[in-house]
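So this one's upload-v6.cif, mmCIF, C-alpha atoms and all ligand atoms:
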```
data_start
#
loop_
_atom_site.label_atom_id
_atom_site.label_comp_id
_atom_site.auth_asym_id
_atom_site.auth_seq_id
_atom_site.Cartn_x
_atom_site.Cartn_y
_atom_site.Cartn_z
CA MET A 13 0.00 0.00 0.00
CA ARG A 14 1.13 3.55 -0.81
CA PHE A 15 2.62 5.56 2.08
CA ASN A 16 -0.11 7.60 3.79
CA ILE A 17 1.35 11.07 4.30
CA ASP A 18 -1.75 12.43 6.07
CA LEU A 19 -1.67 9.63 8.61
CA MET A 20 2.03 10.25 9.26
CA LYS A 21 1.46 14.01 9.65
CA SER A 22 -1.36 13.39 12.09
CA GLN A 23 1.10 11.53 14.34
CA LEU A 24 3.74 14.25 14.43
CA THR A 25 4.32 16.16 17.64
CA SER A 26 3.45 19.87 17.65
CA ASN A 27 7.08 21.07 17.38
CA LEU A 28 7.25 19.46 13.94
CA THR A 29 4.35 21.30 12.34
CA ASN A 30 6.80 23.52 10.41
CA LEU A 31 8.66 20.55 8.92
CA GLU A 32 8.48 20.76 5.12
CA ILE A 33 7.45 17.33 3.76
CA GLU A 34 7.59 15.92 0.24
CA TYR A 35 6.50 12.51 -0.92
CA PHE A 36 7.46 10.68 -4.13
CA GLU A 37 5.94 7.47 -5.30
CA GLU A 38 9.19 6.96 -7.22
CA ILE A 39 12.45 8.90 -7.32
CA ASP A 40 16.11 8.14 -8.13
CA SER A 41 17.30 8.69 -4.55
CA THR A 42 15.95 10.93 -1.80
CA ASN A 43 19.56 11.80 -0.80
CA THR A 44 20.57 12.74 -4.34
CA TYR A 45 17.42 14.83 -4.70
CA LEU A 46 18.12 16.82 -1.52
CA LEU A 47 21.82 17.31 -2.25
CA LYS A 48 20.88 18.84 -5.61
CA ARG A 49 18.00 20.90 -4.34
CA LYS A 50 18.92 24.50 -3.62
CA ASN A 51 15.82 25.84 -1.94
CA PHE A 52 14.22 24.43 1.10
CA SER A 53 13.40 25.89 4.47
CA ASN A 54 15.71 24.97 7.36
CA LYS A 55 14.40 21.43 7.67
CA ILE A 56 12.77 19.15 5.15
CA LEU A 57 11.73 15.51 4.98
CA VAL A 58 11.59 13.65 1.67
CA ILE A 59 9.96 10.22 1.61
CA ALA A 60 9.81 7.77 -1.27
CA ASP A 61 7.94 4.55 -1.81
CA TYR A 62 10.51 3.43 -4.37
CA GLN A 63 14.01 4.48 -5.40
CA THR A 64 15.43 3.63 -8.80
CA ALA A 65 19.00 4.53 -7.75
CA GLY A 66 19.03 4.21 -3.96
CA ARG A 67 22.54 4.68 -2.62
CA GLY A 68 24.37 3.24 0.38
CA ARG A 69 27.79 3.80 1.93
CA PHE A 70 30.86 3.04 -0.21
CA ASN A 71 28.84 3.70 -3.38
CA ARG A 72 26.81 0.57 -2.88
CA LYS A 73 23.23 0.25 -4.07
CA TRP A 74 20.38 0.37 -1.60
CA LEU A 75 17.69 -2.02 -2.77
CA SER A 76 14.22 -1.94 -1.34
CA ASP A 77 10.91 -3.34 -2.59
CA PRO A 78 8.26 -0.72 -3.48
CA SER A 79 5.79 0.40 -0.80
CA LYS A 80 6.98 -1.95 1.91
CA ASN A 81 9.76 -0.14 3.66
CA LEU A 82 10.87 3.28 4.82
CA MET A 83 13.19 5.28 2.57
CA PHE A 84 13.57 8.89 3.55
CA SER A 85 16.04 11.74 3.86
CA ILE A 86 16.09 14.64 6.26
CA GLY A 87 17.68 17.82 4.89
CA LEU A 88 19.00 20.47 7.26
CA LYS A 89 20.66 23.81 6.65
CA ASN A 90 22.85 25.97 8.91
CA VAL A 91 24.37 23.07 10.78
CA ASP A 92 27.55 23.97 12.71
CA HIS A 93 30.59 22.12 11.37
CA SER A 94 31.40 21.17 14.97
CA ASP A 95 28.08 19.28 15.18
CA LEU A 96 28.45 17.23 11.98
CA GLN A 97 30.02 14.19 13.64
CA LYS A 98 27.19 14.00 16.18
CA PHE A 99 24.68 12.91 13.51
CA SER A 100 26.43 9.57 13.35
CA PHE A 101 25.59 9.04 17.02
CA PHE A 102 22.08 10.37 17.45
CA THR A 103 20.60 9.19 14.13
CA PRO A 104 20.96 5.44 14.82
CA LEU A 105 20.08 6.09 18.45
CA SER A 106 16.77 7.76 17.47
CA ILE A 107 15.82 4.76 15.34
CA GLN A 108 16.90 2.21 17.96
CA GLU A 109 14.83 3.96 20.62
CA ALA A 110 11.77 4.51 18.43
CA VAL A 111 11.75 0.83 17.44
CA GLU A 112 12.16 -0.29 21.04
CA ASP A 113 9.32 1.97 22.27
CA PHE A 114 6.97 1.09 19.42
CA MET A 115 7.70 -2.60 18.95
CA ASN A 116 9.27 -3.73 22.15
CA PHE A 117 12.46 -5.25 20.87
CA LYS A 118 16.01 -4.03 20.85
CA LEU A 119 18.01 -3.48 17.70
CA LYS A 120 21.76 -3.11 18.14
CA ILE A 121 24.00 -0.50 16.55
CA LYS A 122 26.86 -1.74 14.41
CA TRP A 123 29.55 0.93 13.96
CA PRO A 124 29.29 3.41 12.47
CA ASN A 125 25.55 3.48 12.10
CA ASP A 126 23.88 0.30 10.88
CA LEU A 127 21.07 -1.19 12.90
CA ILE A 128 21.10 -4.94 13.19
CA PHE A 129 19.19 -7.76 14.83
CA GLU A 130 21.01 -11.02 15.50
CA ASN A 131 23.74 -9.93 13.14
CA LYS A 132 21.39 -9.17 10.23
CA LYS A 133 21.01 -5.65 8.91
CA VAL A 134 17.63 -3.96 9.30
CA CYS A 135 18.54 -0.32 8.70
CA GLY A 136 21.26 1.64 6.92
CA ILE A 137 22.10 5.32 7.23
CA LEU A 138 23.91 7.53 4.74
CA ILE A 139 24.90 10.96 6.08
CA GLU A 140 26.17 13.44 3.49
CA SER A 141 27.09 17.09 3.87
CA GLN A 142 27.94 20.11 1.78
CA ILE A 143 29.87 23.07 3.16
CA GLU A 144 27.82 26.30 3.10
CA ASN A 145 30.50 28.61 4.54
CA ASN A 146 33.31 28.60 7.13
CA GLU A 147 30.98 27.65 9.93
CA LYS A 148 27.84 26.10 8.49
CA ALA A 149 26.95 23.07 6.40
CA LYS A 150 23.95 21.53 4.72
CA VAL A 151 23.36 17.98 5.91
CA VAL A 152 21.34 15.20 4.31
CA VAL A 153 20.59 12.23 6.53
CA GLY A 154 19.32 9.32 4.45
CA ILE A 155 17.68 6.40 6.18
CA GLY A 156 16.54 3.08 4.76
CA ILE A 157 14.69 0.67 7.03
CA ASN A 158 13.51 -2.79 6.05
CA VAL A 159 10.04 -2.65 7.54
CA ASN A 160 7.58 -5.04 5.87
CA GLN A 161 9.77 -6.72 3.27
CA THR A 162 10.13 -10.42 4.00
CA GLU A 163 12.02 -11.67 0.97
CA PHE A 164 15.50 -10.64 -0.07
CA THR A 165 17.73 -11.44 -3.04
CA PRO A 166 19.95 -14.53 -2.57
CA GLU A 167 23.01 -12.30 -1.92
CA LEU A 168 21.21 -10.49 0.88
CA GLU A 169 19.23 -13.36 2.36
CA ASP A 170 21.80 -14.21 5.05
CA LYS A 171 22.68 -10.61 5.79
CA ALA A 172 19.37 -8.73 5.87
CA SER A 173 16.26 -8.84 8.00
CA SER A 174 13.20 -6.66 8.56
CA LEU A 175 11.05 -5.45 11.42
CA LYS A 176 8.19 -7.62 10.17
CA ILE A 177 10.38 -10.74 10.16
CA ILE A 178 11.54 -10.00 13.72
CA LYS A 179 8.13 -9.06 15.13
CA GLY A 180 6.11 -11.55 13.11
CA GLU A 181 3.50 -9.00 12.11
CA GLU A 182 2.93 -6.13 9.65
CA ILE A 183 4.29 -2.81 10.95
CA ASN A 184 2.60 0.56 10.48
CA ARG A 185 5.21 2.58 8.56
CA GLU A 186 3.54 5.94 9.13
CA ILE A 187 3.45 5.68 12.94
CA LEU A 188 6.99 4.34 13.05
CA LEU A 189 8.32 7.21 10.92
CA ALA A 190 6.54 9.82 13.07
CA ARG A 191 8.12 8.32 16.19
CA ILE A 192 11.59 8.28 14.65
CA LEU A 193 11.23 11.95 13.66
CA THR A 194 10.14 12.90 17.17
CA LYS A 195 13.28 11.33 18.63
CA PHE A 196 15.57 12.66 15.89
CA PHE A 197 14.43 16.28 16.23
CA TYR A 198 14.48 16.05 20.03
CA TYR A 199 18.15 15.05 19.90
CA LEU A 200 18.91 17.62 17.21
CA GLU A 201 17.33 20.47 19.16
CA ASN A 202 19.24 19.52 22.31
CA LEU A 203 22.54 18.80 20.60
CA LYS A 204 24.51 21.46 22.41
CA ASN A 205 23.78 20.12 25.89
CA ASN A 206 23.07 16.40 25.63
CA PHE A 207 26.09 14.99 23.85
CA ASP A 208 27.38 13.03 26.87
CA GLU A 209 24.05 11.26 27.25
CA VAL A 210 23.83 10.55 23.50
CA TYR A 211 27.39 9.26 23.35
CA GLN A 212 26.96 6.92 26.31
CA SER A 213 23.62 5.53 25.04
CA TYR A 214 25.15 4.98 21.62
CA ARG A 215 28.08 3.04 23.10
CA GLU A 216 25.79 0.92 25.27
CA LYS A 217 23.87 -0.16 22.18
CA CYS A 218 26.93 -0.87 20.04
CA VAL A 219 27.88 -4.45 19.27
CA GLY A 220 31.39 -5.76 19.56
CA ILE A 221 33.14 -3.55 22.14
CA GLY A 222 35.82 -5.70 23.80
CA GLN A 223 35.48 -8.40 21.13
CA ASN A 224 37.58 -9.66 18.26
CA ILE A 225 36.59 -8.03 14.99
CA THR A 226 37.92 -7.25 11.56
CA VAL A 227 37.78 -3.83 9.95
CA LEU A 228 37.69 -3.51 6.18
CA PHE A 229 39.19 -0.14 5.28
CA ASP A 230 40.62 0.96 1.95
CA ARG A 231 40.63 -2.65 0.69
CA GLU A 232 42.76 -3.79 3.65
CA ILE A 233 41.52 -6.03 6.43
CA TYR A 234 42.67 -5.35 10.00
CA SER A 235 42.01 -7.89 12.80
CA GLY A 236 42.05 -6.98 16.45
CA ILE A 237 40.05 -6.14 19.53
CA LEU A 238 37.49 -3.37 19.30
CA LEU A 239 38.60 -1.16 22.20
CA ASP A 240 36.01 1.58 21.90
CA ILE A 241 34.28 4.11 19.72
CA ASN A 242 35.69 7.49 20.74
CA ARG A 243 33.80 10.78 21.03
CA ASN A 244 34.81 11.73 17.49
CA GLY A 245 33.08 8.63 16.20
CA GLU A 246 36.33 6.83 15.41
CA LEU A 247 36.68 3.13 16.02
CA GLU A 248 39.72 2.21 18.11
CA LEU A 249 41.20 -1.17 17.32
CA LEU A 250 43.99 -2.94 19.20
CA VAL A 251 46.10 -4.92 16.74
CA GLU A 252 48.67 -6.90 18.74
CA ASP A 253 49.95 -4.07 20.97
CA LYS A 254 49.30 -1.18 18.60
CA LYS A 255 46.23 1.05 18.58
CA PHE A 256 44.64 2.02 15.24
CA SER A 257 41.83 4.54 14.76
CA PHE A 258 39.38 4.33 11.87
CA LYS A 259 37.16 7.16 10.72
CA SER A 260 35.21 4.85 8.43
CA GLY A 261 35.16 1.23 7.36
CA GLU A 262 33.11 -1.90 7.72
CA ILE A 263 33.38 -4.21 10.70
CA THR A 264 32.75 -7.93 11.04
CA LEU A 265 32.40 -9.58 14.43
CA LEU A 266 34.43 -12.76 14.76
CA LYS A 267 32.81 -15.70 16.53
CA GLU A 268 34.50 -16.45 19.88
C1 LIG A 301 24.01 1.96 3.95
O1 LIG A 301 23.70 1.12 4.79
O2 LIG A 301 24.96 1.79 3.20
C2 LIG A 301 23.19 3.25 3.89
C3 LIG A 301 21.88 3.05 3.19
C4 LIG A 301 21.04 4.31 3.12
C5 LIG A 301 19.80 4.12 2.29
C6 LIG A 301 18.88 5.31 2.34
S1 LIG A 301 17.31 5.00 1.63
C7 LIG A 301 16.91 6.70 1.66
C8 LIG A 301 18.17 7.46 1.30
N1 LIG A 301 18.29 7.59 -0.14
C9 LIG A 301 19.35 6.92 -0.62
O3 LIG A 301 19.68 6.86 -1.82
N2 LIG A 301 20.00 6.31 0.38
C10 LIG A 301 19.39 6.58 1.67
#
```
Please express what this file holds, its structure, as structure tokens.
Ligand code: BTN
Amino acid sequence: MRFNIDLMKSQLTSNLTNLEIEYFEEIDSTNTYLLKRKNFSNKILVIADYQTAGRGRFNRKWLSDPSKNLMFSIGLKNVDHSDLQKFSFFTPLSIQEAVEDFMNFKLKIKWPNDLIFENKKVCGILIESQIENNEKAKVVVGIGINVNQTEFTPELEDKASSLKIIKGEEINREILLARILTKFFYYLENLKNNFDEVYQSYREKCVGIGQNITVLFDREIYSGILLDINRNGELELLVEDKKFSFKSGEITLLKE
């Protein structure tokens, strides 16, 4: 069924009444659209029921069946450069918390910002920014959540899951999105004074801290113990007795 914008709007909290919202039945990519778009008010939400060129991290494709899942991007202007890194913490946290409140189960965060359940990916986040001037940037936060899709391509079958598969029932996409937005904008509006709380909650929900992992970065694989994710969002890895920090990459948890 087509996404019901009016139902979603009716669920939004009063502080979000000035959020500009656009819906597309089909688009290339909600992130690409917002990066190209010059004019929008300070905050905008773009939702699509299908993307013909959905993008993920590392130039991968983001595939999602039509009208089953959530694919949306939040565009923001005038974001302080010093706040850019914080999106990587509070975006997955907002989704983790909204899902837990709404559906009563806990997703885990896999660094930097995937959401997984029993090691299968349920949600991916692509955060992109463009510099506006010395201090400010435009940010596009793209989020893809497998909500009601239950079948995946053979390559993804072992790696992907959905909220419907986990919960065993159809999920209302409109209510879920409204709840995620409430959390997201709460964290965004309180960014200057709640970073400690956000950082600690993020770490508590992260998989793999203290465990053996591998990090794929720049076509090299590094094996070691995941020491921590630091406050800059970097992953700290102990390889033998040397500490490495990674700003990006893809981790795999090794079975004990
Ligand atoms: C990843 O896990 O690699 C990130 C996936 C992000 C997918 C979302 S879907 C909505 C938005 N539009 C895109 O083209 N990508 C993001």
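Of the residues under consideration (A:Ser53, A:Ser85, A:Ser213, A:Gln161), A:Ser85 shows the shortest atom-to-atom contact distance to ligand LIG 301 (chain A) when counting all atoms listed in the file.
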Chain A residues near ligand LIG 301 (chain A) within 6 Å, closest pair each, using all atoms listed in the file, as a tab-separated table:
```
residue	atom	partner	partner_atom	distance
A:Ser41	CA	A:LIG301	O3	4.1
A:Thr42	CA	A:LIG301	N1	4.4
A:Asn43	CA	A:LIG301	N1	4.4
A:Gly66	CA	A:LIG301	O3	3.5
A:Arg67	CA	A:LIG301	O3	3.7
A:Gly68	CA	A:LIG301	O2	3.2
A:Arg69	CA	A:LIG301	O2	3.7
A:Trp74	CA	A:LIG301	C5	5.4
A:Met83	CA	A:LIG301	C7	4.1
A:Phe84	CA	A:LIG301	C7	4.4
A:Ser85	CA	A:LIG301	C8	5.4
A:Gly136	CA	A:LIG301	O1	3.3
A:Ile137	CA	A:LIG301	C2	4.1
A:Leu138	CA	A:LIG301	C2	4.4
A:Gly154	CA	A:LIG301	C8	3.8
A:Ile155	CA	A:LIG301	C6	4.2
A:Gly156	CA	A:LIG301	S1	3.8
```
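The space between atom CA of Asp240 of chain A and atom CA of Ser141 of chain A spans 25.4 Å.
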Could you give me, as a tab-separated table, a per-residue list for segment 30-85 of chain A showing, wherever an atom lies at most 12 Å from an atom of segment 183-205 of chain A, the closest pair of atoms and their distance in Å to one decimal, using only C-alpha atoms and sorting by chain then residue number from low to high?
```
residue	atom	partner	partner_atom	distance
A:Leu31	CA	A:Leu193	CA	10.2
A:Ile33	CA	A:Leu193	CA	11.9
A:Lys55	CA	A:Phe197	CA	10.0
A:Ile56	CA	A:Leu193	CA	11.3
A:Leu57	CA	A:Leu193	CA	9.4
A:Val58	CA	A:Leu189	CA	11.7
A:Ile59	CA	A:Leu189	CA	9.9
A:Asp61	CA	A:Arg185	CA	10.9
A:Ser79	CA	A:Arg185	CA	9.6
A:Lys80	CA	A:Arg185	CA	8.2
A:Asn81	CA	A:Arg185	CA	7.2
A:Leu82	CA	A:Arg185	CA	6.8
A:Met83	CA	A:Leu189	CA	9.9
A:Phe84	CA	A:Leu189	CA	9.2
A:Ser85	CA	A:Leu193	CA	10.9
```
Nearest-residue call for Tyr62 of chain A, choices A:Phe114, A:Phe99, A:Phe36, A:Tyr45, using all atoms listed in the file: A:Phe36
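Of the listed residues (A:Ile225, A:Ala149, A:Ala65, A:Ile233), A:Ile225 comes nearest to Leu265 of chain A; the distances count all atoms listed in the file.
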Point-to-point distance in Å for atom CA of Ile241 of chain A and atom CA of Glu167 of chain A: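 Separation between atom CA of Glu167 of chain A and atom CA of Ile241 of chain A: 29.4 Å.
Proximity of A:Glu34, A:Asn16, A:Lys98, A:Val153 to Asn206 of chain A, computed with all atoms listed in the file, is greatest for A:Lys98.
Put simply, atom CA of Ser173 of chain A is 7.5 Å away from atom CA of Phe129 of chain A.
Using only C-alpha atoms for every distance, the candidate list A:Pro124, A:Pro78, A:Gly236, A:Gly261 yields A:Pro124 as the residue closest to Val219 of chain A.
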Take every atom of segment 238-245 of chain A listed in the file, fit an axis-aligned box around them, add 4 Å per side, and give the centre and edge lengths in Å to one decimal as AutoDock Vina command-line options.
```
--center_x 35.8 --center_y 4.2 --center_z 19.2 --size_x 13.5 --size_y 23.1 --size_z 14.0
```
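Residue nearest Glu140 of chain A, chosen from A:Gly220, A:Leu46, A:Phe102, A:Leu75 and counting only C-alpha atoms: A:Leu46.
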Close residues, Asn54 of chain A itself excluded, 9 Å, all atoms listed in the file, min 4 positions apart in chain, as a list in words: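 Here the answer would be Leu31, Glu32, Gly87, Leu88, Lys89 and Asn90 of chain A.
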